[in-house]
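Enquirer: Got a file for you: data10.pdb, PDB, C-alpha atoms.
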```pdb
ATOM      1  CA  MET E   1      -1.100  13.774 -11.699
ATOM      2  CA  ARG E   2      -4.144  15.992 -11.404
ATOM      3  CA  THR E   3      -7.534  14.389 -11.036
ATOM      4  CA  SER E   4      -9.734  15.811 -13.733
ATOM      5  CA  GLU E   5     -13.084  17.278 -12.852
ATOM      6  CA  ASN E   6     -14.342  15.985 -16.188
ATOM      7  CA  TRP E   7     -14.755  12.513 -14.782
ATOM      8  CA  PHE E   8     -17.776  11.420 -12.864
ATOM      9  CA  PRO E   9     -16.923   9.676  -9.620
ATOM     10  CA  GLY E  10     -16.697   5.914 -10.078
ATOM     11  CA  ARG E  11     -18.919   3.354  -8.452
ATOM     12  CA  LEU E  12     -17.426   1.391  -5.574
ATOM     13  CA  THR E  13     -18.573  -2.229  -5.211
ATOM     14  CA  GLU E  14     -17.639  -4.992  -2.772
ATOM     15  CA  MET E  15     -16.008  -8.054  -4.306
ATOM     16  CA  PRO E  16     -16.871 -11.635  -3.309
ATOM     17  CA  ALA E  17     -14.225 -13.690  -1.496
ATOM     18  CA  GLY E  18     -13.349 -15.791  -4.543
ATOM     19  CA  GLU E  19     -12.585 -12.717  -6.621
ATOM     20  CA  CYS E  20     -10.417 -11.307  -3.823
ATOM     21  CA  HIS E  21      -8.450 -14.550  -3.686
ATOM     22  CA  ASP E  22      -8.012 -14.690  -7.459
ATOM     23  CA  LEU E  23      -6.794 -11.103  -7.607
ATOM     24  CA  MET E  24      -4.365 -11.666  -4.746
ATOM     25  CA  GLY E  25      -2.941 -14.549  -6.749
ATOM     26  CA  SER E  26      -2.505 -12.313  -9.802
ATOM     27  CA  THR E  27       0.011  -9.852  -8.371
ATOM     28  CA  SER E  28       3.510 -10.116  -6.927
ATOM     29  CA  VAL E  29       3.840  -7.057  -4.701
ATOM     30  CA  GLY E  30       1.667  -6.097  -1.736
ATOM     31  CA  ARG E  31       2.027  -3.765   1.200
ATOM     32  CA  VAL E  32       2.212  -4.917   4.790
ATOM     33  CA  ALA E  33       1.032  -2.528   7.500
ATOM     34  CA  LEU E  34       2.232  -3.070  11.038
ATOM     35  CA  VAL E  35       2.681  -1.111  14.225
ATOM     36  CA  ASP E  36       6.088  -0.378  15.710
ATOM     37  CA  GLU E  37       7.191   1.885  18.566
ATOM     38  CA  ALA E  38       6.425   4.990  16.481
ATOM     39  CA  GLY E  39       2.973   3.945  15.243
ATOM     40  CA  PRO E  40       1.682   2.426  12.007
ATOM     41  CA  VAL E  41       4.025   1.875   9.084
ATOM     42  CA  VAL E  42       3.476   0.306   5.676
ATOM     43  CA  LEU E  43       6.065  -1.279   3.396
ATOM     44  CA  PRO E  44       5.957  -3.044   0.041
ATOM     45  CA  VAL E  45       6.999  -6.700  -0.156
ATOM     46  CA  ASN E  46       6.918  -9.306  -2.886
ATOM     47  CA  TYR E  47       4.876 -12.275  -1.775
ATOM     48  CA  VAL E  48       3.250 -15.547  -2.722
ATOM     49  CA  LEU E  49      -0.051 -17.036  -1.616
ATOM     50  CA  ASP E  50       0.101 -20.300   0.336
ATOM     51  CA  GLY E  51      -3.505 -21.409   0.492
ATOM     52  CA  ASP E  52      -5.337 -18.501   2.050
ATOM     53  CA  THR E  53      -2.216 -17.136   3.731
ATOM     54  CA  VAL E  54       0.362 -14.643   2.487
ATOM     55  CA  LEU E  55       4.067 -15.560   2.602
ATOM     56  CA  PHE E  56       6.903 -13.074   2.273
ATOM     57  CA  ARG E  57      10.521 -12.767   3.338
ATOM     58  CA  THR E  58      12.459 -10.156   5.185
ATOM     59  CA  SER E  59      15.743  -9.810   6.985
ATOM     60  CA  PRO E  60      15.868 -10.895  10.635
ATOM     61  CA  ALA E  61      17.992  -7.748  11.165
ATOM     62  CA  ASN E  62      15.273  -5.529   9.668
ATOM     63  CA  SER E  63      13.763  -3.066  12.144
ATOM     64  CA  ILE E  64      10.257  -4.300  11.300
ATOM     65  CA  ALA E  65      11.050  -7.949  12.023
ATOM     66  CA  PRO E  66      10.324  -7.838  15.780
ATOM     67  CA  HIS E  67       6.832  -6.511  14.936
ATOM     68  CA  LEU E  68       5.946  -9.389  12.649
ATOM     69  CA  ASP E  69       5.809 -12.332  15.045
ATOM     70  CA  ASP E  70       2.403 -13.061  16.522
ATOM     71  CA  ALA E  71       1.429  -9.489  15.670
ATOM     72  CA  LYS E  72      -1.640  -7.923  14.125
ATOM     73  CA  VAL E  73      -0.975  -6.684  10.613
ATOM     74  CA  ALA E  74      -2.807  -5.722   7.459
ATOM     75  CA  PHE E  75      -1.822  -6.650   3.923
ATOM     76  CA  GLU E  76      -3.006  -4.814   0.820
ATOM     77  CA  VAL E  77      -2.802  -5.380  -2.914
ATOM     78  CA  ASP E  78      -4.311  -3.137  -5.551
ATOM     79  CA  GLU E  79      -4.231  -2.070  -9.157
ATOM     80  CA  PHE E  80      -5.444   1.297 -10.386
ATOM     81  CA  ASP E  81      -5.628   2.978 -13.754
ATOM     82  CA  ASP E  82      -4.958   6.711 -13.581
ATOM     83  CA  TYR E  83      -6.654   7.384 -16.880
ATOM     84  CA  THR E  84     -10.028   5.775 -16.165
ATOM     85  CA  GLN E  85      -9.674   6.396 -12.406
ATOM     86  CA  SER E  86     -10.728   2.835 -11.735
ATOM     87  CA  GLY E  87      -9.246  -0.301 -10.244
ATOM     88  CA  TRP E  88      -9.505  -2.717  -7.355
ATOM     89  CA  SER E  89      -7.997  -3.369  -3.957
ATOM     90  CA  VAL E  90      -7.978  -6.273  -1.526
ATOM     91  CA  VAL E  91      -7.231  -5.789   2.158
ATOM     92  CA  VAL E  92      -6.371  -8.662   4.483
ATOM     93  CA  ARG E  93      -6.422  -8.102   8.205
ATOM     94  CA  GLY E  94      -4.776 -10.819  10.197
ATOM     95  CA  VAL E  95      -1.904 -12.072  12.260
ATOM     96  CA  ALA E  96       1.718 -12.249  11.135
ATOM     97  CA  SER E  97       4.051 -14.906  12.463
ATOM     98  CA  PHE E  98       7.505 -16.215  11.725
ATOM     99  CA  VAL E  99       7.487 -19.464   9.771
ATOM    100  CA  ALA E 100       9.604 -22.431  10.827
ATOM    101  CA  PRO E 101      11.411 -24.171   7.934
ATOM    102  CA  ASP E 102       9.215 -27.289   8.254
ATOM    103  CA  GLU E 103       6.084 -25.152   7.883
ATOM    104  CA  LEU E 104       7.128 -23.817   4.470
ATOM    105  CA  PRO E 105       5.714 -25.221   1.231
ATOM    106  CA  GLN E 106       7.607 -28.427   0.298
ATOM    107  CA  ASP E 107       8.113 -27.210  -3.237
ATOM    108  CA  GLU E 108      10.802 -24.513  -3.222
ATOM    109  CA  LYS E 109       9.166 -22.896  -6.248
ATOM    110  CA  ALA E 110       6.084 -22.250  -4.114
ATOM    111  CA  ARG E 111       8.125 -20.211  -1.639
ATOM    112  CA  PRO E 112       8.666 -16.486  -1.982
ATOM    113  CA  PHE E 113      11.945 -15.467  -3.578
ATOM    114  CA  PRO E 114      12.965 -11.948  -2.544
ATOM    115  CA  TRP E 115      13.300  -9.334  -5.277
ATOM    116  CA  ALA E 116      15.781  -7.304  -3.247
ATOM    117  CA  ASP E 117      19.252  -8.417  -2.287
ATOM    118  CA  GLY E 118      20.327  -8.847   1.338
ATOM    119  CA  VAL E 119      19.982 -11.706   3.777
ATOM    120  CA  ARG E 120      16.211 -12.195   3.749
ATOM    121  CA  THR E 121      16.164 -15.485   5.587
ATOM    122  CA  LEU E 122      13.106 -14.753   7.685
ATOM    123  CA  PHE E 123       9.815 -16.107   6.321
ATOM    124  CA  VAL E 124       6.668 -14.393   7.565
ATOM    125  CA  ARG E 125       3.140 -15.714   7.155
ATOM    126  CA  VAL E 126       0.036 -13.547   7.371
ATOM    127  CA  THR E 127      -2.988 -15.603   8.385
ATOM    128  CA  PRO E 128      -6.185 -13.705   7.540
ATOM    129  CA  LEU E 129      -8.848 -12.915  10.082
ATOM    130  CA  SER E 130     -10.804 -11.007   7.438
ATOM    131  CA  VAL E 131     -10.484 -10.312   3.731
ATOM    132  CA  SER E 132     -12.312  -7.547   1.931
ATOM    133  CA  GLY E 133     -12.080  -6.290  -1.591
ATOM    134  CA  ARG E 134     -13.494  -3.401  -3.489
ATOM    135  CA  ARG E 135     -13.701  -2.612  -7.146
ATOM    136  CA  LEU E 136     -13.915   0.967  -8.356
ATOM    137  CA  LEU E 137     -15.739   0.998 -11.673
ATOM    138  CA  PRO E 138     -15.187   3.905 -14.063
ATOM    139  CA  GLY E 139     -17.722   6.703 -13.630
TER     140      GLY E 139
ATOM    141  CA  MET G   1       2.688 -14.408 -10.649
ATOM    142  CA  ARG G   2       5.681 -16.569  -9.754
ATOM    143  CA  THR G   3       8.950 -14.953  -8.984
ATOM    144  CA  SER G   4      11.518 -16.511 -11.259
ATOM    145  CA  GLU G   5      14.717 -17.889  -9.801
ATOM    146  CA  ASN G   6      16.414 -16.823 -13.022
ATOM    147  CA  TRP G   7      16.642 -13.268 -11.813
ATOM    148  CA  PHE G   8      19.379 -12.067  -9.576
ATOM    149  CA  PRO G   9      18.081 -10.114  -6.587
ATOM    150  CA  GLY G  10      17.925  -6.394  -7.281
ATOM    151  CA  ARG G  11      19.894  -3.742  -5.500
ATOM    152  CA  LEU G  12      18.008  -1.622  -2.981
ATOM    153  CA  THR G  13      19.122   2.010  -2.642
ATOM    154  CA  GLU G  14      17.879   4.896  -0.536
ATOM    155  CA  MET G  15      16.469   7.857  -2.455
ATOM    156  CA  PRO G  16      17.206  11.485  -1.533
ATOM    157  CA  ALA G  17      14.352  13.639  -0.239
ATOM    158  CA  GLY G  18      13.921  15.554  -3.503
ATOM    159  CA  GLU G  19      13.438  12.377  -5.491
ATOM    160  CA  CYS G  20      10.888  11.114  -2.942
ATOM    161  CA  HIS G  21       8.936  14.360  -3.278
ATOM    162  CA  ASP G  22       9.036  14.283  -7.078
ATOM    163  CA  LEU G  23       7.839  10.674  -7.193
ATOM    164  CA  MET G  24       5.031  11.401  -4.733
ATOM    165  CA  GLY G  25       3.912  14.153  -7.077
ATOM    166  CA  SER G  26       3.891  11.752 -10.022
ATOM    167  CA  THR G  27       1.209   9.357  -8.820
ATOM    168  CA  SER G  28      -2.469   9.687  -7.896
ATOM    169  CA  VAL G  29      -3.123   6.759  -5.568
ATOM    170  CA  GLY G  30      -1.396   5.973  -2.288
ATOM    171  CA  ARG G  31      -2.170   3.818   0.701
ATOM    172  CA  VAL G  32      -2.845   5.169   4.144
ATOM    173  CA  ALA G  33      -2.074   2.930   7.125
ATOM    174  CA  LEU G  34      -3.754   3.672  10.417
ATOM    175  CA  VAL G  35      -4.651   1.888  13.604
ATOM    176  CA  ASP G  36      -8.240   1.228  14.638
ATOM    177  CA  GLU G  37      -9.762  -0.873  17.429
ATOM    178  CA  ALA G  38      -8.714  -4.081  15.649
ATOM    179  CA  GLY G  39      -5.113  -3.100  14.861
ATOM    180  CA  PRO G  40      -3.364  -1.771  11.770
ATOM    181  CA  VAL G  41      -5.279  -1.388   8.523
ATOM    182  CA  VAL G  42      -4.240  -0.013   5.138
ATOM    183  CA  LEU G  43      -6.481   1.444   2.438
ATOM    184  CA  PRO G  44      -5.892   3.027  -0.966
ATOM    185  CA  VAL G  45      -6.899   6.657  -1.508
ATOM    186  CA  ASN G  46      -6.399   9.098  -4.338
ATOM    187  CA  TYR G  47      -4.531  12.144  -3.118
ATOM    188  CA  VAL G  48      -2.771  15.363  -4.015
ATOM    189  CA  LEU G  49       0.340  16.924  -2.538
ATOM    190  CA  ASP G  50      -0.066  20.295  -0.821
ATOM    191  CA  GLY G  51       3.479  21.428  -0.224
ATOM    192  CA  ASP G  52       5.069  18.611   1.736
ATOM    193  CA  THR G  53       1.738  17.329   3.032
ATOM    194  CA  VAL G  54      -0.659  14.762   1.586
ATOM    195  CA  LEU G  55      -4.332  15.670   1.130
ATOM    196  CA  PHE G  56      -7.098  13.154   0.554
ATOM    197  CA  ARG G  57     -10.826  12.905   1.104
ATOM    198  CA  THR G  58     -13.028  10.382   2.806
ATOM    199  CA  SER G  59     -16.538  10.121   4.135
ATOM    200  CA  PRO G  60     -17.184  11.399   7.656
ATOM    201  CA  ALA G  61     -19.352   8.275   8.048
ATOM    202  CA  ASN G  62     -16.462   6.002   7.090
ATOM    203  CA  SER G  63     -15.327   3.680   9.896
ATOM    204  CA  ILE G  64     -11.744   4.881   9.487
ATOM    205  CA  ALA G  65     -12.617   8.583   9.880
ATOM    206  CA  PRO G  66     -12.424   8.655  13.699
ATOM    207  CA  HIS G  67      -8.863   7.301  13.439
ATOM    208  CA  LEU G  68      -7.650  10.062  11.135
ATOM    209  CA  ASP G  69      -7.827  13.139  13.348
ATOM    210  CA  ASP G  70      -4.667  13.946  15.252
ATOM    211  CA  ALA G  71      -3.590  10.337  14.749
ATOM    212  CA  LYS G  72      -0.341   8.700  13.747
ATOM    213  CA  VAL G  73      -0.512   7.266  10.240
ATOM    214  CA  ALA G  74       1.746   6.132   7.442
ATOM    215  CA  PHE G  75       1.274   6.860   3.755
ATOM    216  CA  GLU G  76       2.874   4.859   0.971
ATOM    217  CA  VAL G  77       3.210   5.207  -2.795
ATOM    218  CA  ASP G  78       5.068   2.837  -5.066
ATOM    219  CA  GLU G  79       5.480   1.563  -8.583
ATOM    220  CA  PHE G  80       6.857  -1.860  -9.437
ATOM    221  CA  ASP G  81       7.493  -3.725 -12.646
ATOM    222  CA  ASP G  82       6.802  -7.453 -12.376
ATOM    223  CA  TYR G  83       8.946  -8.291 -15.356
ATOM    224  CA  THR G  84      12.180  -6.629 -14.246
ATOM    225  CA  GLN G  85      11.303  -7.030 -10.544
ATOM    226  CA  SER G  86      12.256  -3.452  -9.930
ATOM    227  CA  GLY G  87      10.605  -0.228  -8.858
ATOM    228  CA  TRP G  88      10.452   2.336  -6.092
ATOM    229  CA  SER G  89       8.475   3.172  -2.980
ATOM    230  CA  VAL G  90       8.128   6.202  -0.743
ATOM    231  CA  VAL G  91       6.876   5.922   2.827
ATOM    232  CA  VAL G  92       5.701   8.913   4.835
ATOM    233  CA  ARG G  93       5.223   8.579   8.569
ATOM    234  CA  GLY G  94       3.319  11.400  10.136
ATOM    235  CA  VAL G  95       0.192  12.735  11.709
ATOM    236  CA  ALA G  96      -3.241  12.846  10.078
ATOM    237  CA  SER G  97      -5.711  15.573  10.917
ATOM    238  CA  PHE G  98      -9.023  16.835   9.627
ATOM    239  CA  VAL G  99      -8.719  19.962   7.518
ATOM    240  CA  ALA G 100     -10.958  22.980   8.077
ATOM    241  CA  PRO G 101     -12.320  24.548   4.869
ATOM    242  CA  ASP G 102     -10.167  27.669   5.307
ATOM    243  CA  GLU G 103      -7.017  25.533   5.528
ATOM    244  CA  LEU G 104      -7.589  24.025   2.088
ATOM    245  CA  PRO G 105      -5.723  25.229  -1.008
ATOM    246  CA  GLN G 106      -7.453  28.360  -2.362
ATOM    247  CA  ASP G 107      -7.468  26.952  -5.870
ATOM    248  CA  GLU G 108     -10.142  24.229  -6.091
ATOM    249  CA  LYS G 109      -8.091  22.474  -8.758
ATOM    250  CA  ALA G 110      -5.342  21.967  -6.179
ATOM    251  CA  ARG G 111      -7.728  20.062  -3.901
ATOM    252  CA  PRO G 112      -8.227  16.306  -4.109
ATOM    253  CA  PHE G 113     -11.273  15.189  -6.083
ATOM    254  CA  PRO G 114     -12.430  11.724  -5.009
ATOM    255  CA  TRP G 115     -12.381   8.956  -7.608
ATOM    256  CA  ALA G 116     -15.141   7.033  -5.828
ATOM    257  CA  ASP G 117     -18.704   8.200  -5.432
ATOM    258  CA  GLY G 118     -20.286   8.811  -2.036
ATOM    259  CA  VAL G 119     -20.278  11.797   0.252
ATOM    260  CA  ARG G 120     -16.544  12.318   0.727
ATOM    261  CA  THR G 121     -16.735  15.703   2.368
ATOM    262  CA  LEU G 122     -14.003  15.116   4.921
ATOM    263  CA  PHE G 123     -10.558  16.401   3.961
ATOM    264  CA  VAL G 124      -7.618  14.777   5.729
ATOM    265  CA  ARG G 125      -4.051  16.090   5.747
ATOM    266  CA  VAL G 126      -1.025  13.936   6.519
ATOM    267  CA  THR G 127       1.839  16.058   7.834
ATOM    268  CA  PRO G 128       5.119  14.133   7.543
ATOM    269  CA  LEU G 129       7.388  13.495  10.484
ATOM    270  CA  SER G 130       9.687  11.454   8.256
ATOM    271  CA  VAL G 131       9.872  10.538   4.576
ATOM    272  CA  SER G 132      11.943   7.685   3.226
ATOM    273  CA  GLY G 133      12.187   6.232  -0.230
ATOM    274  CA  ARG G 134      13.854   3.260  -1.740
ATOM    275  CA  ARG G 135      14.568   2.264  -5.288
ATOM    276  CA  LEU G 136      14.942  -1.365  -6.254
ATOM    277  CA  LEU G 137      17.221  -1.580  -9.277
ATOM    278  CA  PRO G 138      17.011  -4.635 -11.543
ATOM    279  CA  GLY G 139      19.484  -7.392 -10.622
TER     280      GLY G 139
END
```
For the structure just supplied, provide its representation as structure tokens.
Expert:
Amino acid sequence: MRTSENWFPGRLTEMPAGECHDLMGSTSVGRVALVDEAGPVVLPVNYVLDGDTVLFRTSPANSIAPHLDDAKVAFEVDEFDDYTQSGWSVVVRGVASFVAPDELPQDEKARPFPWADGVRTLFVRVTPLSVSGRRLLPG
Amino acid sequence: MRTSENWFPGRLTEMPAGECHDLMGSTSVGRVALVDEAGPVVLPVNYVLDGDTVLFRTSPANSIAPHLDDAKVAFEVDEFDDYTQSGWSVVVRGVASFVAPDELPQDEKARPFPWADGVRTLFVRVTPLSVSGRRLLPG
């Protein structure tokens, strides 16, 4: 879609931590960025929040899996409106690690349930080192 | 939003290159993943396609700018539907580089116009080394 020159550029504002956390709890799909042998890569995953951490599942056979244990990653969620050219994004930078079964939420409903089929038995937790969020207000 | 256990996991299929290209041309916002001093980071940008490459703008004063010239990056676009737990994503892995004014599309309307205010005078091109896309069909 073409960006129209009729719009004035929107105003970008930082969001407080509470708003970032609330917005992260309002969506189901985020994107995890990691580094493999070939450089940075970014993939969508469905996730749940567990406290301040992000939990998602993948396959232990997945090529990204070896790069998600005790590894630096970033995690992003956003929502944008093409028409008003506005929206928000939250970016977590932190450390990903495999989760042992006894470290998962007790309540099974609080665990992520993969949207895609396949054997996604590996739980990964992203523990934030920093969280930042920005809101782009319509111009 | 909670993922419901009532849904069956969806079926993940690879998309052909043409479909990836068409879908990349249908959206305005993608996420660029790069590596800085602290590890991987991922940020949303509005973009346009220029042939097979991705063009976006940022500020030369932006902390990510030094990591976008002759640097490995990934670029992702997606669209998901929470209700049917389905959607698609396209991931480009490639090289980012600053674009000289004479390498920009002649037609100004074919250049990216930043949604956010600020001095975003730096044009960045992502030249793909690989493009992959996946569609998640409802279960």
Enquirer: Which residues are close to region 120-132 of chain G, i.e. within 8 Å by all atoms listed in the file, leaving aside same-chain residues fewer than 3 positions away? Reply as a PyMOL selection string.
Expert: chain G and resi 14-15+17+20+52-60+68-69+73+75+90-100+114+117
Enquirer: Would you mind telling me which residue in E:Asp50, E:Asp70, E:Asp36, E:Glu76 lies nearest to chain G when using all atoms listed in the file?
Expert: E:Glu76
Enquirer: Selection in question (the file shown): the ChimeraX specification (/G :<7) & /E. Which residues does it include, as a short mmCIF file (atom, residue, chain, number, x, y, z; two decimals) with C-alpha atoms, in the coordinates of the input?
Expert:
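Printed below is part36.cif as written:
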```cif
data_model
loop_
_atom_site.label_atom_id
_atom_site.label_comp_id
_atom_site.auth_asym_id
_atom_site.auth_seq_id
_atom_site.Cartn_x
_atom_site.Cartn_y
_atom_site.Cartn_z
CA MET E 1 -1.10 13.77 -11.70
CA THR E 3 -7.53 14.39 -11.04
CA PRO E 9 -16.92 9.68 -9.62
CA GLY E 10 -16.70 5.91 -10.08
CA ARG E 11 -18.92 3.35 -8.45
CA LEU E 12 -17.43 1.39 -5.57
CA GLY E 25 -2.94 -14.55 -6.75
CA SER E 26 -2.50 -12.31 -9.80
CA THR E 27 0.01 -9.85 -8.37
CA SER E 28 3.51 -10.12 -6.93
CA ALA E 33 1.03 -2.53 7.50
CA LEU E 34 2.23 -3.07 11.04
CA VAL E 35 2.68 -1.11 14.22
CA GLY E 39 2.97 3.94 15.24
CA PRO E 40 1.68 2.43 12.01
CA VAL E 41 4.03 1.88 9.08
CA VAL E 42 3.48 0.31 5.68
CA LYS E 72 -1.64 -7.92 14.12
CA VAL E 73 -0.98 -6.68 10.61
CA ALA E 74 -2.81 -5.72 7.46
CA GLU E 76 -3.01 -4.81 0.82
CA ASP E 82 -4.96 6.71 -13.58
CA GLN E 85 -9.67 6.40 -12.41
CA ARG E 93 -6.42 -8.10 8.20
CA PHE E 113 11.94 -15.47 -3.58
CA PRO E 114 12.96 -11.95 -2.54
CA TRP E 115 13.30 -9.33 -5.28
CA ALA E 116 15.78 -7.30 -3.25
CA ASP E 117 19.25 -8.42 -2.29
CA LEU E 136 -13.92 0.97 -8.36
#
```
Enquirer: What does the distance from CA of Pro16 (chain E) to CA of Val45 (chain G) come to in Å, to one decimal?
Expert: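 Taking CA of Pro16 (chain E) and CA of Val45 (chain G), their separation equals 20.9 Å.
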Enquirer: Starting from 4 Å padding per side, set up an axis-aligned box that covers all listed atoms of region 109-122 of chain E and hand over centre and edge lengths in Å, one decimal, as JSON.
Expert:
```
{"center_x": 13.2, "center_y": -15.1, "center_z": 0.7, "size_x": 22.2, "size_y": 23.6, "size_z": 21.9}
```
Enquirer: Could you check how far CA of Gly87 (chain G) sits from CA of His21 (chain G), in Å to one decimal?
Expert: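 Going from CA of Gly87 (chain G) over to CA of His21 (chain G) covers 15.7 Å.
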Enquirer: What does the structure give for the distance between CA of Ile64 (chain G) and CA of Asn62 (chain E), in Å to one decimal?
Expert: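 These atoms are spaced 29.0 Å apart.
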Enquirer: Could you rebuild region 82-98 of chain G with N, CA, C and O atoms and give it back as a PDB file, keeping the file's coordinate frame?
Expert:
```pdb
ATOM      1  N   ASP G  82       6.690  -6.009 -12.603  1.00  0.00           N
ATOM      2  CA  ASP G  82       6.802  -7.453 -12.376  1.00  0.00           C
ATOM      3  C   ASP G  82       7.901  -8.091 -13.216  1.00  0.00           C
ATOM      4  O   ASP G  82       8.594  -8.999 -12.758  1.00  0.00           O
ATOM      5  N   TYR G  83       8.037  -7.602 -14.431  1.00  0.00           N
ATOM      6  CA  TYR G  83       8.946  -8.291 -15.356  1.00  0.00           C
ATOM      7  C   TYR G  83      10.408  -8.119 -14.950  1.00  0.00           C
ATOM      8  O   TYR G  83      11.168  -9.090 -14.894  1.00  0.00           O
ATOM      9  N   THR G  84      10.782  -6.873 -14.640  1.00  0.00           N
ATOM     10  CA  THR G  84      12.180  -6.629 -14.246  1.00  0.00           C
ATOM     11  C   THR G  84      12.360  -6.714 -12.729  1.00  0.00           C
ATOM     12  O   THR G  84      13.474  -6.575 -12.227  1.00  0.00           O
ATOM     13  N   GLN G  85      11.255  -6.939 -12.006  1.00  0.00           N
ATOM     14  CA  GLN G  85      11.303  -7.030 -10.544  1.00  0.00           C
ATOM     15  C   GLN G  85      12.040  -5.835  -9.954  1.00  0.00           C
ATOM     16  O   GLN G  85      12.968  -5.989  -9.143  1.00  0.00           O
ATOM     17  N   SER G  86      11.620  -4.672 -10.400  1.00  0.00           N
ATOM     18  CA  SER G  86      12.256  -3.452  -9.930  1.00  0.00           C
ATOM     19  C   SER G  86      11.182  -2.391  -9.711  1.00  0.00           C
ATOM     20  O   SER G  86      10.027  -2.568 -10.106  1.00  0.00           O
ATOM     21  N   GLY G  87      11.576  -1.293  -9.094  1.00  0.00           N
ATOM     22  CA  GLY G  87      10.605  -0.228  -8.858  1.00  0.00           C
ATOM     23  C   GLY G  87      11.067   0.682  -7.746  1.00  0.00           C
ATOM     24  O   GLY G  87      12.255   0.745  -7.426  1.00  0.00           O
ATOM     25  N   TRP G  88      10.118   1.394  -7.160  1.00  0.00           N
ATOM     26  CA  TRP G  88      10.452   2.336  -6.092  1.00  0.00           C
ATOM     27  C   TRP G  88       9.265   2.436  -5.139  1.00  0.00           C
ATOM     28  O   TRP G  88       8.128   2.109  -5.497  1.00  0.00           O
ATOM     29  N   SER G  89       9.550   2.902  -3.938  1.00  0.00           N
ATOM     30  CA  SER G  89       8.475   3.172  -2.980  1.00  0.00           C
ATOM     31  C   SER G  89       8.897   4.346  -2.106  1.00  0.00           C
ATOM     32  O   SER G  89      10.081   4.564  -1.855  1.00  0.00           O
ATOM     33  N   VAL G  90       7.906   5.112  -1.686  1.00  0.00           N
ATOM     34  CA  VAL G  90       8.128   6.202  -0.743  1.00  0.00           C
ATOM     35  C   VAL G  90       7.165   6.004   0.426  1.00  0.00           C
ATOM     36  O   VAL G  90       5.978   5.728   0.216  1.00  0.00           O
ATOM     37  N   VAL G  91       7.691   6.097   1.626  1.00  0.00           N
ATOM     38  CA  VAL G  91       6.876   5.922   2.827  1.00  0.00           C
ATOM     39  C   VAL G  91       6.968   7.184   3.683  1.00  0.00           C
ATOM     40  O   VAL G  91       8.066   7.620   4.045  1.00  0.00           O
ATOM     41  N   VAL G  92       5.808   7.751   3.955  1.00  0.00           N
ATOM     42  CA  VAL G  92       5.701   8.913   4.835  1.00  0.00           C
ATOM     43  C   VAL G  92       5.170   8.417   6.175  1.00  0.00           C
ATOM     44  O   VAL G  92       4.192   7.661   6.215  1.00  0.00           O
ATOM     45  N   ARG G  93       5.800   8.814   7.244  1.00  0.00           N
ATOM     46  CA  ARG G  93       5.223   8.579   8.569  1.00  0.00           C
ATOM     47  C   ARG G  93       4.893   9.949   9.133  1.00  0.00           C
ATOM     48  O   ARG G  93       5.710  10.871   9.064  1.00  0.00           O
ATOM     49  N   GLY G  94       3.696  10.079   9.665  1.00  0.00           N
ATOM     50  CA  GLY G  94       3.319  11.400  10.136  1.00  0.00           C
ATOM     51  C   GLY G  94       2.027  11.390  10.908  1.00  0.00           C
ATOM     52  O   GLY G  94       1.618  10.359  11.458  1.00  0.00           O
ATOM     53  N   VAL G  95       1.415  12.543  10.927  1.00  0.00           N
ATOM     54  CA  VAL G  95       0.192  12.735  11.709  1.00  0.00           C
ATOM     55  C   VAL G  95      -0.928  13.167  10.768  1.00  0.00           C
ATOM     56  O   VAL G  95      -0.744  14.094   9.963  1.00  0.00           O
ATOM     57  N   ALA G  96      -2.061  12.480  10.863  1.00  0.00           N
ATOM     58  CA  ALA G  96      -3.241  12.846  10.078  1.00  0.00           C
ATOM     59  C   ALA G  96      -4.129  13.755  10.903  1.00  0.00           C
ATOM     60  O   ALA G  96      -4.244  13.589  12.120  1.00  0.00           O
ATOM     61  N   SER G  97      -4.747  14.718  10.224  1.00  0.00           N
ATOM     62  CA  SER G  97      -5.711  15.573  10.917  1.00  0.00           C
ATOM     63  C   SER G  97      -6.763  16.057   9.926  1.00  0.00           C
ATOM     64  O   SER G  97      -6.499  16.188   8.732  1.00  0.00           O
ATOM     65  N   PHE G  98      -7.952  16.287  10.450  1.00  0.00           N
ATOM     66  CA  PHE G  98      -9.023  16.835   9.627  1.00  0.00           C
ATOM     67  C   PHE G  98      -8.643  18.261   9.221  1.00  0.00           C
ATOM     68  O   PHE G  98      -7.999  18.983   9.995  1.00  0.00           O
TER      69      PHE G  98
END
```
